[in-house]
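Undergrad: final08.cif is reproduced below (mmCIF, N, CA and C atoms).
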```
data_run
loop_
_atom_site.group_PDB
_atom_site.id
_atom_site.type_symbol
_atom_site.label_atom_id
_atom_site.label_comp_id
_atom_site.auth_asym_id
_atom_site.auth_seq_id
_atom_site.Cartn_x
_atom_site.Cartn_y
_atom_site.Cartn_z
ATOM 1 N N MET T 20 33.865 60.506 -1.560
ATOM 2 C CA MET T 20 32.565 61.135 -1.644
ATOM 3 C C MET T 20 32.727 62.442 -2.413
ATOM 4 N N ASP T 21 31.913 62.597 -3.452
ATOM 5 C CA ASP T 21 31.915 63.845 -4.216
ATOM 6 C C ASP T 21 31.300 64.955 -3.376
ATOM 7 N N THR T 22 31.783 66.168 -3.584
ATOM 8 C CA THR T 22 31.258 67.348 -2.889
ATOM 9 C C THR T 22 30.832 68.374 -3.925
ATOM 10 N N ILE T 23 29.628 68.930 -3.726
ATOM 11 C CA ILE T 23 29.130 69.968 -4.625
ATOM 12 C C ILE T 23 28.518 71.090 -3.801
ATOM 13 N N SER T 24 28.349 72.236 -4.433
ATOM 14 C CA SER T 24 27.716 73.371 -3.756
ATOM 15 C C SER T 24 26.199 73.189 -3.769
ATOM 16 N N VAL T 25 25.552 73.857 -2.846
ATOM 17 C CA VAL T 25 24.095 73.783 -2.779
ATOM 18 C C VAL T 25 23.473 74.359 -4.051
ATOM 19 N N ASN T 26 24.112 75.360 -4.657
ATOM 20 C CA ASN T 26 23.585 75.931 -5.900
ATOM 21 C C ASN T 26 23.619 74.903 -7.032
ATOM 22 N N LYS T 27 24.734 74.176 -7.167
ATOM 23 C CA LYS T 27 24.829 73.138 -8.194
ATOM 24 C C LYS T 27 23.836 72.022 -7.902
ATOM 25 N N PHE T 28 23.676 71.688 -6.629
ATOM 26 C CA PHE T 28 22.708 70.668 -6.241
ATOM 27 C C PHE T 28 21.297 71.085 -6.650
ATOM 28 N N ARG T 29 20.933 72.303 -6.335
ATOM 29 C CA ARG T 29 19.590 72.802 -6.662
ATOM 30 C C ARG T 29 19.364 72.813 -8.177
ATOM 31 N N ASP T 30 20.376 73.249 -8.931
ATOM 32 C CA ASP T 30 20.232 73.346 -10.385
ATOM 33 C C ASP T 30 20.176 71.978 -11.078
ATOM 34 N N ASN T 31 20.756 70.966 -10.439
ATOM 35 C CA ASN T 31 20.855 69.644 -11.060
ATOM 36 C C ASN T 31 20.272 68.551 -10.169
ATOM 37 N N LEU T 32 19.254 68.884 -9.417
ATOM 38 C CA LEU T 32 18.704 67.990 -8.404
ATOM 39 C C LEU T 32 18.411 66.584 -8.938
ATOM 40 N N LYS T 33 17.662 66.488 -10.012
ATOM 41 C CA LYS T 33 17.254 65.183 -10.518
ATOM 42 C C LYS T 33 18.461 64.321 -10.897
ATOM 43 N N SER T 34 19.401 64.864 -11.631
ATOM 44 C CA SER T 34 20.553 64.061 -12.077
ATOM 45 C C SER T 34 21.478 63.709 -10.921
ATOM 46 N N ILE T 35 21.616 64.594 -9.957
ATOM 47 C CA ILE T 35 22.490 64.319 -8.812
ATOM 48 C C ILE T 35 21.893 63.227 -7.936
ATOM 49 N N VAL T 36 20.596 63.283 -7.707
ATOM 50 C CA VAL T 36 19.939 62.235 -6.920
ATOM 51 C C VAL T 36 20.047 60.908 -7.658
ATOM 52 N N GLU T 37 19.809 60.901 -8.957
ATOM 53 C CA GLU T 37 19.919 59.671 -9.746
ATOM 54 C C GLU T 37 21.340 59.108 -9.678
ATOM 55 N N GLN T 38 22.335 59.976 -9.734
ATOM 56 C CA GLN T 38 23.730 59.548 -9.644
ATOM 57 C C GLN T 38 24.003 58.885 -8.296
ATOM 58 N N SER T 39 23.535 59.493 -7.232
ATOM 59 C CA SER T 39 23.755 58.949 -5.893
ATOM 60 C C SER T 39 23.088 57.588 -5.735
ATOM 61 N N VAL T 40 21.870 57.462 -6.238
ATOM 62 C CA VAL T 40 21.127 56.210 -6.106
ATOM 63 C C VAL T 40 21.747 55.118 -6.973
ATOM 64 N N SER T 41 22.062 55.427 -8.225
ATOM 65 C CA SER T 41 22.559 54.394 -9.146
ATOM 66 C C SER T 41 23.978 53.944 -8.813
ATOM 67 N N ARG T 42 24.809 54.852 -8.320
ATOM 68 C CA ARG T 42 26.197 54.499 -8.002
ATOM 69 C C ARG T 42 26.368 54.030 -6.555
ATOM 70 N N HIS T 43 25.332 54.164 -5.765
ATOM 71 C CA HIS T 43 25.404 53.836 -4.334
ATOM 72 C C HIS T 43 26.537 54.604 -3.658
ATOM 73 N N GLU T 44 26.636 55.883 -3.998
ATOM 74 C CA GLU T 44 27.642 56.751 -3.405
ATOM 75 C C GLU T 44 26.973 58.006 -2.852
ATOM 76 N N PRO T 45 27.265 58.357 -1.602
ATOM 77 C CA PRO T 45 26.706 59.593 -1.058
ATOM 78 C C PRO T 45 27.360 60.811 -1.700
ATOM 79 N N ILE T 46 26.654 61.922 -1.683
ATOM 80 C CA ILE T 46 27.168 63.184 -2.217
ATOM 81 C C ILE T 46 27.038 64.231 -1.126
ATOM 82 N N LYS T 47 28.143 64.886 -0.820
ATOM 83 C CA LYS T 47 28.147 65.937 0.195
ATOM 84 C C LYS T 47 27.809 67.267 -0.473
ATOM 85 N N VAL T 48 26.825 67.966 0.102
ATOM 86 C CA VAL T 48 26.390 69.257 -0.430
ATOM 87 C C VAL T 48 26.778 70.330 0.573
ATOM 88 N N THR T 49 27.570 71.294 0.116
ATOM 89 C CA THR T 49 28.046 72.355 1.010
ATOM 90 C C THR T 49 27.195 73.605 0.839
ATOM 91 N N ARG T 50 26.960 74.262 1.955
ATOM 92 C CA ARG T 50 26.198 75.512 1.964
ATOM 93 C C ARG T 50 27.136 76.644 2.327
ATOM 94 N N ARG T 51 26.893 77.781 1.751
ATOM 95 C CA ARG T 51 27.771 78.927 1.948
ATOM 96 C C ARG T 51 27.832 79.379 3.408
ATOM 97 N N ALA T 52 26.682 79.440 4.054
ATOM 98 C CA ALA T 52 26.654 79.975 5.419
ATOM 99 C C ALA T 52 26.021 78.990 6.392
ATOM 100 N N GLY T 53 26.288 77.710 6.203
ATOM 101 C CA GLY T 53 25.667 76.744 7.102
ATOM 102 C C GLY T 53 26.326 75.394 7.020
ATOM 103 N N GLU T 54 25.724 74.472 7.711
ATOM 104 C CA GLU T 54 26.244 73.112 7.753
ATOM 105 C C GLU T 54 26.042 72.414 6.404
ATOM 106 N N ALA T 55 26.974 71.552 6.075
ATOM 107 C CA ALA T 55 26.835 70.731 4.881
ATOM 108 C C ALA T 55 25.854 69.598 5.175
ATOM 109 N N PHE T 56 25.340 68.969 4.123
ATOM 110 C CA PHE T 56 24.488 67.802 4.301
ATOM 111 C C PHE T 56 24.854 66.765 3.250
ATOM 112 N N VAL T 57 24.358 65.546 3.440
ATOM 113 C CA VAL T 57 24.708 64.432 2.564
ATOM 114 C C VAL T 57 23.445 63.884 1.921
ATOM 115 N N VAL T 58 23.549 63.583 0.628
ATOM 116 C CA VAL T 58 22.452 62.967 -0.116
ATOM 117 C C VAL T 58 22.855 61.531 -0.410
ATOM 118 N N MET T 59 21.972 60.594 -0.029
ATOM 119 C CA MET T 59 22.223 59.186 -0.320
ATOM 120 C C MET T 59 20.895 58.457 -0.445
ATOM 121 N N SER T 60 20.913 57.307 -1.081
ATOM 122 C CA SER T 60 19.675 56.557 -1.258
ATOM 123 C C SER T 60 19.195 56.021 0.089
ATOM 124 N N ALA T 61 17.914 55.802 0.194
ATOM 125 C CA ALA T 61 17.340 55.250 1.421
ATOM 126 C C ALA T 61 17.900 53.857 1.681
ATOM 127 N N GLU T 62 18.085 53.066 0.621
ATOM 128 C CA GLU T 62 18.639 51.717 0.761
ATOM 129 C C GLU T 62 20.038 51.767 1.381
ATOM 130 N N ASP T 63 20.871 52.684 0.896
ATOM 131 C CA ASP T 63 22.223 52.814 1.436
ATOM 132 C C ASP T 63 22.200 53.304 2.883
ATOM 133 N N TRP T 64 21.288 54.228 3.187
ATOM 134 C CA TRP T 64 21.181 54.748 4.556
ATOM 135 C C TRP T 64 20.776 53.628 5.510
ATOM 136 N N GLU T 65 19.799 52.810 5.094
ATOM 137 C CA GLU T 65 19.359 51.696 5.940
ATOM 138 C C GLU T 65 20.492 50.694 6.158
ATOM 139 N N ARG T 66 21.273 50.435 5.121
ATOM 140 C CA ARG T 66 22.412 49.525 5.240
ATOM 141 C C ARG T 66 23.437 50.083 6.231
ATOM 142 N N GLU T 67 23.684 51.368 6.165
ATOM 143 C CA GLU T 67 24.605 52.010 7.106
ATOM 144 C C GLU T 67 24.097 51.893 8.541
ATOM 145 N N GLN T 68 22.801 52.070 8.727
ATOM 146 C CA GLN T 68 22.217 51.969 10.063
ATOM 147 C C GLN T 68 22.355 50.558 10.617
ATOM 148 N N GLU T 69 22.153 49.553 9.767
ATOM 149 C CA GLU T 69 22.309 48.166 10.201
ATOM 150 C C GLU T 69 23.751 47.885 10.607
ATOM 151 N N THR T 70 24.693 48.399 9.821
ATOM 152 C CA THR T 70 26.112 48.209 10.133
ATOM 153 C C THR T 70 26.454 48.861 11.468
ATOM 154 N N LEU T 71 25.981 50.070 11.683
ATOM 155 C CA LEU T 71 26.229 50.756 12.954
ATOM 156 C C LEU T 71 25.641 49.973 14.122
ATOM 157 N N HIS T 72 24.457 49.419 13.925
ATOM 158 C CA HIS T 72 23.818 48.625 14.981
ATOM 159 C C HIS T 72 24.692 47.441 15.366
ATOM 160 N N VAL T 73 25.191 46.721 14.369
ATOM 161 C CA VAL T 73 26.043 45.556 14.643
ATOM 162 C C VAL T 73 27.334 45.994 15.337
ATOM 163 N N LEU T 74 27.964 47.046 14.831
ATOM 164 C CA LEU T 74 29.228 47.507 15.401
ATOM 165 C C LEU T 74 29.084 47.998 16.845
ATOM 166 N N GLN T 75 27.905 48.488 17.200
ATOM 167 C CA GLN T 75 27.677 49.002 18.548
ATOM 168 C C GLN T 75 27.203 47.925 19.524
ATOM 169 N N SER T 76 26.940 46.733 19.025
ATOM 170 C CA SER T 76 26.445 45.648 19.873
ATOM 171 C C SER T 76 27.604 44.740 20.267
ATOM 172 N N LYS T 77 27.946 44.749 21.550
ATOM 173 C CA LYS T 77 29.045 43.895 22.026
ATOM 174 C C LYS T 77 28.744 42.426 21.790
ATOM 175 N N SER T 78 27.503 42.016 22.005
ATOM 176 C CA SER T 78 27.178 40.595 21.844
ATOM 177 C C SER T 78 27.269 40.163 20.382
ATOM 178 N N LEU T 79 26.798 40.994 19.453
ATOM 179 C CA LEU T 79 26.907 40.636 18.038
ATOM 180 C C LEU T 79 28.364 40.598 17.583
ATOM 181 N N MET T 80 29.150 41.557 18.035
ATOM 182 C CA MET T 80 30.568 41.579 17.670
ATOM 183 C C MET T 80 31.282 40.360 18.250
ATOM 184 N N GLN T 81 30.888 39.924 19.446
ATOM 185 C CA GLN T 81 31.492 38.735 20.051
ATOM 186 C C GLN T 81 31.118 37.487 19.247
ATOM 187 N N GLN T 82 29.868 37.421 18.795
ATOM 188 C CA GLN T 82 29.443 36.292 17.963
ATOM 189 C C GLN T 82 30.253 36.227 16.673
ATOM 190 N N ILE T 83 30.504 37.374 16.074
ATOM 191 C CA ILE T 83 31.296 37.419 14.841
ATOM 192 C C ILE T 83 32.725 36.964 15.116
ATOM 193 N N ALA T 84 33.314 37.460 16.191
ATOM 194 C CA ALA T 84 34.684 37.074 16.546
ATOM 195 C C ALA T 84 34.769 35.580 16.821
ATOM 196 N N ASP T 85 33.801 35.049 17.557
ATOM 197 C CA ASP T 85 33.781 33.611 17.844
ATOM 198 C C ASP T 85 33.643 32.796 16.560
ATOM 199 N N SER T 86 32.804 33.253 15.666
ATOM 200 C CA SER T 86 32.598 32.556 14.407
ATOM 201 C C SER T 86 33.877 32.556 13.565
ATOM 202 N N LEU T 87 34.566 33.684 13.523
ATOM 203 C CA LEU T 87 35.825 33.761 12.780
ATOM 204 C C LEU T 87 36.878 32.824 13.367
ATOM 205 N N GLU T 88 36.908 32.762 14.672
ATOM 206 C CA GLU T 88 37.865 31.872 15.344
ATOM 207 C C GLU T 88 37.546 30.405 15.031
ATOM 208 N N THR T 89 36.285 30.053 15.093
ATOM 209 C CA THR T 89 35.862 28.686 14.776
ATOM 210 C C THR T 89 36.221 28.343 13.329
ATOM 211 N N HIS T 90 35.965 29.268 12.436
ATOM 212 C CA HIS T 90 36.280 29.055 11.023
ATOM 213 C C HIS T 90 37.789 28.883 10.812
ATOM 214 N N ALA T 91 38.584 29.718 11.464
ATOM 215 C CA ALA T 91 40.042 29.641 11.326
ATOM 216 C C ALA T 91 40.573 28.289 11.787
ATOM 217 N N ARG T 92 39.936 27.699 12.787
ATOM 218 C CA ARG T 92 40.344 26.383 13.285
ATOM 219 C C ARG T 92 39.793 25.247 12.427
ATOM 220 N N GLY T 93 38.946 25.581 11.459
ATOM 221 C CA GLY T 93 38.353 24.566 10.596
ATOM 222 C C GLY T 93 37.311 23.727 11.298
ATOM 223 N N GLN T 94 36.709 24.282 12.349
ATOM 224 C CA GLN T 94 35.745 23.528 13.138
ATOM 225 C C GLN T 94 34.312 23.984 12.928
ATOM 226 N N GLY T 95 34.096 24.804 11.926
ATOM 227 C CA GLY T 95 32.748 25.299 11.690
ATOM 228 C C GLY T 95 31.836 24.243 11.096
ATOM 229 N N TYR T 96 30.574 24.565 11.021
ATOM 230 C CA TYR T 96 29.570 23.668 10.455
ATOM 231 C C TYR T 96 29.849 23.475 8.970
ATOM 232 N N LYS T 97 29.783 22.248 8.502
ATOM 233 C CA LYS T 97 29.982 21.933 7.095
ATOM 234 C C LYS T 97 28.724 21.255 6.571
ATOM 235 N N PRO T 98 28.000 21.925 5.672
ATOM 236 C CA PRO T 98 26.772 21.332 5.139
ATOM 237 C C PRO T 98 27.085 20.127 4.256
ATOM 238 N N THR T 99 26.098 19.248 4.158
ATOM 239 C CA THR T 99 26.239 18.086 3.284
ATOM 240 C C THR T 99 26.170 18.545 1.830
ATOM 241 N N ASP T 100 26.548 17.656 0.916
ATOM 242 C CA ASP T 100 26.453 17.988 -0.506
ATOM 243 C C ASP T 100 25.014 18.331 -0.882
ATOM 244 N N GLU T 101 24.065 17.598 -0.332
ATOM 245 C CA GLU T 101 22.654 17.859 -0.615
ATOM 246 C C GLU T 101 22.253 19.262 -0.137
ATOM 247 N N GLN T 102 22.685 19.633 1.057
ATOM 248 C CA GLN T 102 22.379 20.966 1.586
ATOM 249 C C GLN T 102 23.037 22.052 0.738
ATOM 250 N N MET T 103 24.274 21.828 0.307
ATOM 251 C CA MET T 103 24.961 22.807 -0.533
ATOM 252 C C MET T 103 24.235 22.986 -1.864
ATOM 253 N N ASN T 104 23.782 21.882 -2.457
ATOM 254 C CA ASN T 104 23.031 21.978 -3.713
ATOM 255 C C ASN T 104 21.746 22.773 -3.525
ATOM 256 N N GLU T 105 21.096 22.577 -2.404
ATOM 257 C CA GLU T 105 19.870 23.321 -2.110
ATOM 258 C C GLU T 105 20.172 24.802 -1.949
ATOM 259 N N ILE T 106 21.252 25.121 -1.272
ATOM 260 C CA ILE T 106 21.645 26.522 -1.067
ATOM 261 C C ILE T 106 21.976 27.175 -2.409
ATOM 262 N N ILE T 107 22.749 26.485 -3.221
ATOM 263 C CA ILE T 107 23.172 27.037 -4.513
ATOM 264 C C ILE T 107 21.989 27.244 -5.451
ATOM 265 N N ASP T 108 21.009 26.349 -5.376
ATOM 266 C CA ASP T 108 19.835 26.455 -6.259
ATOM 267 C C ASP T 108 18.900 27.589 -5.893
ATOM 268 N N ILE T 109 19.067 28.173 -4.721
ATOM 269 C CA ILE T 109 18.182 29.266 -4.285
ATOM 270 C C ILE T 109 18.480 30.445 -5.077
#
```
Using structure tokens, write down the structure from this file.

TA:
Amino acid sequence: MDTISVNKFRDNLKSIVEQSVSRHEPIKVTRRAGEAFVVMSAEDWEREQETLHVLQSKSLMQQIADSLETHARGQGYKPTDEQMNEIIDI
């Protein structure tokens, strides 16, 4: 994560926001006499929130672990050729 001063952020607001959005990378902005803050796109923030939700849910994490175990044993669901063609065409 890139770090910049609040003065540089203020002077280059438009380009810094565009950089964060286009690269999908947060930018940490430091303040001289206060807490730092992070600039990131709303899309990236929402994705982070979804990830945190899954990681904090014991039942969802158990479903993922069970699915990985099933896959490792080769016992998972296998779509037909017709179903695969339909999926690929989407």

Undergrad: Using the chain letters and residue numbers of this document, give as number ranges by chain the residues selected by the PyMOL selection byres ((chain T and resi 25-41) around 6.5).

TA: T: 23-24, 42-46, 48-51, 58-60

Undergrad: Using the chain letters and numbers from this document, which residues of chain T does DSSP assign to helix (DSSP H, G or I), as a PyMOL selection string?

TA: chain T and resi 25-30+32-42+61-75+77-91+100-108

Undergrad: Any idea what the distance is between CA of Trp64 (chain T) and CA of Ile106 (chain T)?

TA: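 It comes out at 28.8 Å.
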
Undergrad: Could you pull out the residues in chain T that DSSP calls strand (DSSP E) from the backbone, as a ChimeraX atom specification?

TA: /T:21-24,46-49,56-58

Undergrad: For each of T:Val73, T:Ala84, T:Ala52, T:Val57, take the minimum atom-to-atom distance to Asp21 (chain T), counting only C-alpha atoms, then give the residue where this is smallest.

TA: T:Val57
